[in-house]
>>> print(open('run13.txt').read())   # compact mmCIF, C-alpha atoms
# COMPACT_ATOMS: atom_id res chain seq x y z
CA MET A 1 -24.75 55.46 -105.32
CA ARG A 2 -26.15 57.54 -108.17
CA GLU A 3 -23.69 60.00 -109.69
CA PRO A 4 -24.83 63.61 -109.12
CA ARG A 5 -26.00 65.45 -112.20
CA GLN A 6 -23.83 68.27 -113.40
CA LEU A 7 -25.04 71.83 -113.05
CA ALA A 8 -25.64 73.74 -116.25
CA PRO A 9 -22.26 75.19 -117.31
CA GLU A 10 -23.28 78.82 -116.77
CA ILE A 11 -24.50 78.02 -113.24
CA MET A 12 -21.30 76.15 -112.37
CA ASP A 13 -19.20 79.01 -113.81
CA TYR A 14 -21.12 81.52 -111.71
CA TYR A 15 -20.44 79.65 -108.46
CA LEU A 16 -16.84 78.87 -109.33
CA LYS A 17 -16.18 82.61 -109.09
CA GLY A 18 -16.15 82.05 -105.32
CA GLN A 19 -18.51 84.91 -104.51
CA GLU A 20 -21.19 82.89 -102.74
CA ASP A 21 -19.33 82.57 -99.44
CA GLY A 22 -19.33 86.32 -98.92
CA ARG A 23 -22.74 87.11 -100.39
CA LEU A 24 -24.74 86.80 -97.16
CA ARG A 25 -22.04 88.29 -94.95
CA SER A 26 -22.14 91.90 -96.14
CA GLY A 27 -24.40 94.53 -97.62
CA HIS A 28 -28.11 94.15 -98.20
CA PRO A 29 -28.12 90.29 -98.33
CA ARG A 30 -27.40 90.26 -94.59
CA LEU A 31 -31.12 90.85 -94.09
CA GLU A 32 -31.87 87.55 -95.89
CA PHE A 33 -29.27 85.79 -93.71
CA TRP A 34 -30.52 87.17 -90.39
CA ARG A 35 -34.15 86.51 -91.24
CA THR A 36 -33.36 82.93 -92.30
CA GLN A 37 -31.62 82.42 -88.97
CA ASP A 38 -34.55 83.96 -87.12
CA VAL A 39 -37.16 81.69 -88.73
CA LEU A 40 -35.05 78.53 -88.46
CA ARG A 41 -34.13 79.08 -84.81
CA ARG A 42 -37.85 79.16 -83.97
CA LEU A 43 -38.72 76.07 -85.99
CA LEU A 44 -35.82 73.65 -85.59
CA PRO A 45 -36.06 70.76 -83.12
CA ALA A 46 -33.94 70.72 -79.99
CA VAL A 47 -30.19 70.24 -80.21
CA PRO A 48 -28.76 67.99 -81.45
CA ALA A 49 -30.93 67.55 -84.53
CA ARG A 50 -29.58 65.80 -87.61
CA ILE A 51 -29.78 68.42 -90.37
CA LEU A 52 -29.14 67.77 -94.04
CA ASP A 53 -28.19 71.08 -95.66
CA VAL A 54 -28.83 70.37 -99.35
CA GLY A 55 -27.35 72.93 -101.71
CA GLY A 56 -25.69 74.51 -98.70
CA ALA A 57 -22.90 76.08 -100.78
CA SER A 58 -19.83 76.99 -98.74
CA GLY A 59 -21.63 76.46 -95.44
CA VAL A 60 -22.82 79.93 -94.44
CA HIS A 61 -25.81 78.42 -92.65
CA ALA A 62 -24.18 75.09 -91.81
CA GLU A 63 -21.55 76.98 -89.82
CA TRP A 64 -23.96 78.54 -87.30
CA LEU A 65 -26.13 75.43 -87.16
CA ALA A 66 -23.13 73.28 -86.23
CA ALA A 67 -21.94 75.90 -83.73
CA ALA A 68 -25.37 75.69 -82.07
CA GLY A 69 -24.82 71.97 -81.53
CA HIS A 70 -26.71 70.41 -84.43
CA ARG A 71 -25.26 67.52 -86.46
CA VAL A 72 -24.93 69.00 -89.93
CA GLU A 73 -24.21 67.28 -93.21
CA LEU A 74 -23.91 69.54 -96.23
CA ILE A 75 -24.50 68.40 -99.81
CA ASP A 76 -23.68 70.61 -102.77
CA PRO A 77 -23.01 70.06 -106.49
CA VAL A 78 -20.05 72.47 -106.57
CA PRO A 79 -16.81 70.76 -105.45
CA ALA A 80 -15.24 74.08 -104.43
CA HIS A 81 -18.15 74.72 -102.06
CA VAL A 82 -17.78 71.27 -100.55
CA GLU A 83 -14.08 71.88 -99.96
CA GLN A 84 -14.85 75.15 -98.14
CA ALA A 85 -17.64 73.64 -96.06
CA SER A 86 -15.51 70.64 -95.09
CA ALA A 87 -13.17 72.97 -93.22
CA LEU A 88 -15.94 74.18 -90.90
CA PRO A 89 -15.98 72.70 -87.38
CA GLY A 90 -18.72 70.11 -86.96
CA VAL A 91 -19.75 70.07 -90.63
CA ILE A 92 -19.53 67.03 -92.88
CA ALA A 93 -19.70 67.97 -96.58
CA ARG A 94 -19.87 66.02 -99.83
CA VAL A 95 -20.79 66.48 -103.46
CA GLY A 96 -24.36 65.54 -104.32
CA ASP A 97 -27.56 66.34 -106.19
CA ALA A 98 -30.79 67.55 -104.53
CA ARG A 99 -32.82 65.42 -106.95
CA HIS A 100 -31.04 62.18 -106.01
CA LEU A 101 -29.95 62.24 -102.38
CA ASP A 102 -27.54 59.56 -101.26
CA ALA A 103 -29.17 59.22 -97.84
CA PRO A 104 -31.39 56.58 -96.21
CA ASP A 105 -35.12 56.98 -95.82
CA ALA A 106 -36.22 58.87 -92.68
CA SER A 107 -32.62 59.52 -91.64
CA ALA A 108 -32.74 63.29 -91.02
CA ASP A 109 -34.68 65.45 -88.58
CA VAL A 110 -34.57 68.42 -90.94
CA VAL A 111 -33.75 68.83 -94.63
CA LEU A 112 -32.89 72.34 -95.77
CA LEU A 113 -33.14 73.31 -99.43
CA LEU A 114 -31.90 76.88 -99.16
CA GLY A 115 -30.62 77.07 -102.72
CA PRO A 116 -31.50 74.16 -105.00
CA LEU A 117 -34.93 75.40 -106.06
CA TYR A 118 -33.33 78.61 -107.34
CA HIS A 119 -31.69 76.79 -110.23
CA LEU A 120 -34.13 74.00 -111.10
CA THR A 121 -36.01 75.67 -113.92
CA GLU A 122 -38.19 72.61 -114.68
CA ARG A 123 -41.10 72.03 -112.33
CA ALA A 124 -40.58 68.25 -112.41
CA ASP A 125 -37.03 68.72 -111.07
CA ARG A 126 -38.22 70.98 -108.26
CA VAL A 127 -40.90 68.49 -107.22
CA ARG A 128 -38.32 65.70 -107.43
CA ALA A 129 -35.97 67.60 -105.08
CA LEU A 130 -38.80 68.17 -102.61
CA THR A 131 -39.86 64.52 -102.87
CA GLU A 132 -36.31 63.42 -102.09
CA ALA A 133 -36.20 65.78 -99.12
CA ARG A 134 -39.44 64.25 -97.82
CA ARG A 135 -38.09 60.73 -98.32
CA VAL A 136 -35.00 61.25 -96.17
CA THR A 137 -36.83 63.19 -93.43
CA ARG A 138 -38.29 61.26 -90.50
CA PRO A 139 -42.03 61.51 -89.75
CA GLY A 140 -42.56 64.69 -87.76
CA GLY A 141 -39.40 66.25 -89.17
CA LEU A 142 -39.19 69.39 -91.28
CA VAL A 143 -38.54 70.14 -94.94
CA VAL A 144 -37.58 73.78 -95.48
CA ALA A 145 -37.07 75.34 -98.91
CA ALA A 146 -36.06 78.83 -99.97
CA THR A 147 -37.39 80.45 -103.12
CA ILE A 148 -36.86 83.76 -104.89
CA ALA A 149 -39.84 86.00 -105.66
CA ARG A 150 -41.12 86.15 -109.25
CA TRP A 151 -40.40 89.90 -109.72
CA ALA A 152 -37.02 89.79 -107.98
CA ALA A 153 -34.93 90.58 -111.05
CA VAL A 154 -37.07 93.59 -112.00
CA HIS A 155 -36.97 94.97 -108.45
CA ASP A 156 -33.22 94.35 -108.14
CA MET A 157 -32.37 95.98 -111.44
CA ILE A 158 -34.46 99.04 -110.59
CA LEU A 159 -32.79 99.21 -107.18
CA LYS A 160 -29.36 99.08 -108.83
CA GLY A 161 -30.28 101.59 -111.52
CA ARG A 162 -29.80 99.13 -114.38
CA TYR A 163 -33.41 98.70 -115.48
CA VAL A 164 -32.92 101.63 -117.89
CA GLU A 165 -30.57 99.42 -119.96
CA GLU A 166 -32.66 97.74 -122.65
CA PRO A 167 -30.90 94.32 -122.62
CA VAL A 168 -31.14 94.14 -118.84
CA ARG A 169 -34.77 95.25 -118.85
CA ARG A 170 -35.64 92.64 -121.48
CA VAL A 171 -34.12 89.79 -119.44
CA ALA A 172 -35.69 90.99 -116.18
CA ASP A 173 -39.13 91.45 -117.72
CA GLU A 174 -39.00 87.98 -119.27
CA SER A 175 -38.17 86.45 -115.88
CA ALA A 176 -41.20 88.18 -114.35
CA ARG A 177 -43.40 86.80 -117.12
CA THR A 178 -42.15 83.20 -117.19
CA GLY A 179 -40.30 82.73 -113.90
CA VAL A 180 -37.13 81.75 -115.75
CA LEU A 181 -34.11 84.04 -115.77
CA ARG A 182 -32.14 83.53 -118.99
CA GLY A 183 -29.18 85.40 -120.42
CA ALA A 184 -28.52 86.18 -116.80
CA ALA A 185 -25.02 87.63 -117.18
CA ASP A 186 -26.75 90.93 -117.89
CA THR A 187 -28.25 90.92 -114.38
CA GLY A 188 -25.23 89.78 -112.40
CA PHE A 189 -26.87 86.43 -111.59
CA THR A 190 -27.16 83.16 -113.49
CA THR A 191 -29.88 80.90 -114.87
CA ALA A 192 -32.56 80.72 -112.21
CA TYR A 193 -36.22 80.15 -111.44
CA PHE A 194 -38.31 82.77 -109.62
CA HIS A 195 -41.49 81.55 -107.92
CA ASP A 196 -44.93 82.96 -107.56
CA PRO A 197 -45.79 82.43 -103.87
CA ALA A 198 -48.86 80.31 -104.64
CA GLU A 199 -47.04 77.82 -106.85
CA VAL A 200 -44.61 76.88 -104.08
CA LEU A 201 -47.48 75.35 -102.07
CA ALA A 202 -48.58 73.33 -105.10
CA GLU A 203 -45.06 71.99 -105.63
CA PHE A 204 -44.83 71.00 -101.96
CA ALA A 205 -48.22 69.28 -102.14
CA ASP A 206 -47.25 67.36 -105.28
CA ALA A 207 -44.13 66.17 -103.44
CA GLY A 208 -46.27 64.74 -100.64
CA LEU A 209 -45.83 67.75 -98.37
CA PRO A 210 -49.31 69.29 -97.93
CA GLY A 211 -50.13 72.01 -95.44
CA ALA A 212 -46.88 73.94 -95.84
CA GLU A 213 -46.42 77.35 -94.22
CA ARG A 214 -44.76 80.33 -95.91
CA TYR A 215 -42.51 82.97 -94.36
CA ALA A 216 -41.44 86.17 -96.08
CA LEU A 217 -37.79 86.75 -95.24
CA GLU A 218 -36.96 90.32 -96.26
CA GLY A 219 -40.53 91.15 -97.34
CA VAL A 220 -40.85 94.64 -98.76
CA PHE A 221 -37.60 95.56 -96.98
CA ALA A 222 -35.81 93.74 -99.80
CA LEU A 223 -36.33 96.92 -101.81
CA TYR A 224 -34.69 99.38 -99.44
CA ALA A 225 -33.46 99.96 -95.86
CA GLU A 226 -29.86 98.78 -96.31
CA GLU A 227 -28.67 101.72 -94.25
CA TRP A 228 -30.68 100.34 -91.32
CA LEU A 229 -28.59 97.18 -91.20
CA ASP A 230 -25.44 98.90 -89.94
CA ASP A 231 -27.18 100.57 -87.00
CA PRO A 232 -27.91 98.02 -84.21
CA GLU A 233 -30.88 99.96 -82.85
CA ARG A 234 -32.56 100.50 -86.21
CA ARG A 235 -31.67 96.96 -87.30
CA ALA A 236 -33.50 95.54 -84.28
CA LEU A 237 -36.60 97.56 -85.20
CA LEU A 238 -36.43 96.39 -88.82
CA LEU A 239 -36.04 92.73 -87.88
CA ASP A 240 -38.94 93.01 -85.46
CA VAL A 241 -41.25 94.40 -88.14
CA ALA A 242 -40.05 91.76 -90.62
CA ARG A 243 -40.90 89.02 -88.12
CA ARG A 244 -44.34 90.48 -87.33
CA THR A 245 -45.24 90.66 -91.03
CA GLU A 246 -43.59 87.43 -92.21
CA ASN A 247 -46.90 85.64 -92.82
CA GLU A 248 -48.70 88.53 -94.52
CA PRO A 249 -49.79 87.23 -97.96
CA ALA A 250 -49.22 90.64 -99.57
CA LEU A 251 -45.53 90.60 -98.56
CA LEU A 252 -44.66 87.09 -99.72
CA GLY A 253 -43.86 88.30 -103.24
CA PHE A 254 -40.76 90.30 -102.30
CA GLY A 255 -37.20 89.04 -101.91
CA HIS A 256 -36.88 85.50 -100.59
CA MET A 257 -39.42 83.21 -98.97
CA LEU A 258 -39.10 80.11 -96.80
CA THR A 259 -41.68 77.36 -97.18
CA VAL A 260 -41.84 74.82 -94.37
CA ALA A 261 -43.69 71.51 -94.14
CA ARG A 262 -43.79 68.82 -91.45
CA VAL A 263 -43.45 65.31 -92.80
CA ARG A 264 -46.42 63.07 -92.02
>>> encode(input="run13.txt", output="C-alpha cells")
Amino acid sequence: MREPRQLAPEIMDYYLKGQEDGRLRSGHPRLEFWRTQDVLRRLLPAVPARILDVGGASGVHAEWLAAAGHRVELIDPVPAHVEQASALPGVIARVGDARHLDAPDASADVVLLLGPLYHLTERADRVRALTEARRVTRPGGLVVAATIARWAAVHDMILKGRYVEEPVRRVADESARTGVLRGAADTGFTTAYFHDPAEVLAEFADAGLPGAERYALEGVFALYAEEWLDDPERRALLLDVARRTENEPALLGFGHMLTVARVR
C-alpha cells in the first residue's frame, strides 16, 4: 500500500477548521448540493452500485448515496473528515490520496472526484487522479469529477463586496488569469485550481476518458438567487431552469461543473 501524500499545509489547515461539513448544508452552497444530487441521481447505475467517493470530505454526498442503498466507500486525505464519515450509516471511510488509490482494477461501478481536482494545481496531478479513477472503475462504469469555474474567485468576491479591497482583487484577478488561487486567505478559501471548461475535457481525454459530458451545476445562478432557495415553490422553478440549461456551453463557466465519462 502506497502512503498517501500529504496535503499542502495551508490546505490541510483550511479543512481542519471543520467548516466543510456544514458548507453545503446552508446558504447559497445548497444550490451546488441539490444540483449535484440531481445530476447524479439521473446518471448513477441501479442500487446497489459500488461507489468510491474520492475526496468525499466528511461524507455530505456519501450520506445520501448510502441512504439510497448504494455501497459507498469514502477516501479522503484529511483524517478528521474520515473520522466524521466513518460514523455515517452504510459508509466505509479511510485516509487516502486521489493520485494513488489503494483499490483493485475495475472494482468500482462509479468513482466520484467531487473535490480532489480543486486542490491539484499541477495538470499532471489532475490527470493522474483521473487516470487512477479510470483504473479502478469497471468497463461501462462512470468517472465523475467536479471542477470550479476559472472566474469563480472574481465573481465570489464581487458578490461578497470584497473585490474593492486591493489585496483581495489582486489574488482573485491572478486566479482568473492563471487558474491558480494563491495567497487564498484573503478570499476565505485556500490554494486551489479553477478550470476553464474546455480544459477539463482535455484532461479527461489524456487520462483515457474521451467523450466526456459536462453539466453546469449552479450555472449563472451561482451569482445570485439565494433568496429563492428558502422558498419551496421558487426553489423548484430555479432547479428546473438549472436542469434545462445544464448543458448550455455559455453557462459552463459559472460556479461548479460536473464532468462525466463512461469507462470503455
>>> atom_distance(input="run13.txt", atom1="atom CA of Leu239 of chain A", atom2="atom CA of Gly55 of chain A")
25.7 Å
>>> atom_distance(input="run13.txt", atom1="atom CA of Pro210 of chain A", atom2="atom CA of Gly69 of chain A")
29.6 Å
>>> closest_atom_pairs(input="run13.txt", of="segment 85-162 of chain A", to="segment 246-262 of chain A", cutoff="12 Å", atoms="only C-alpha atoms", output="CSV")
residue,atom,partner,partner_atom,distance
A:Asp109,CA,A:Arg262,CA,10.1
A:Val110,CA,A:Arg262,CA,9.2
A:Val111,CA,A:Val260,CA,10.1
A:Leu112,CA,A:Val260,CA,9.4
A:Leu113,CA,A:Leu258,CA,9.4
A:Leu114,CA,A:Leu258,CA,8.2
A:Gly115,CA,A:His256,CA,10.7
A:Leu117,CA,A:Leu258,CA,11.2
A:Tyr118,CA,A:His256,CA,10.3
A:Leu130,CA,A:Ala261,CA,10.3
A:Thr131,CA,A:Ala261,CA,11.8
A:Ala133,CA,A:Ala261,CA,10.7
A:Arg134,CA,A:Arg262,CA,9.0
A:Thr137,CA,A:Arg262,CA,9.2
A:Arg138,CA,A:Arg262,CA,9.4
A:Pro139,CA,A:Arg262,CA,7.7
A:Gly140,CA,A:Arg262,CA,5.7
A:Gly141,CA,A:Arg262,CA,5.6
A:Leu142,CA,A:Arg262,CA,4.6
A:Val143,CA,A:Ala261,CA,5.4
A:Val144,CA,A:Val260,CA,4.5
A:Ala145,CA,A:Thr259,CA,5.3
A:Ala146,CA,A:Leu258,CA,4.6
A:Thr147,CA,A:Met257,CA,5.4
A:Ile148,CA,A:His256,CA,4.6
A:Ala149,CA,A:Gly253,CA,5.2
A:Arg150,CA,A:Gly253,CA,6.9
A:Trp151,CA,A:Phe254,CA,7.4
A:Ala152,CA,A:Gly255,CA,6.1
A:Ala153,CA,A:Gly255,CA,9.5
A:Val154,CA,A:Phe254,CA,10.9
A:His155,CA,A:Phe254,CA,8.6
A:Asp156,CA,A:Gly255,CA,9.1
>>> closest_atom_pairs(input="run13.txt", of="segment 185-229 of chain A", to="segment 165-171 of chain A", cutoff="10 Å", atoms="only C-alpha atoms", output="CSV")
residue,atom,partner,partner_atom,distance
A:Ala185,CA,A:Val168,CA,9.1
A:Asp186,CA,A:Val168,CA,5.5
A:Thr187,CA,A:Val168,CA,6.2
A:Gly188,CA,A:Val168,CA,9.8
>>> residues_around(input="run13.txt", residues="Leu237 of chain A", least_positions_apart="5", cutoff="9 Å", atoms="only C-alpha atoms", output="PDB file with C-alpha atoms, keeping the file's coordinate frame")
ATOM      1  CA  TRP A 228     -30.680 100.340 -91.320  1.00  0.00           C
ATOM      2  CA  PRO A 232     -27.910  98.020 -84.210  1.00  0.00           C
ATOM      3  CA  ALA A 242     -40.050  91.760 -90.620  1.00  0.00           C
TER       4      ALA A 242
END
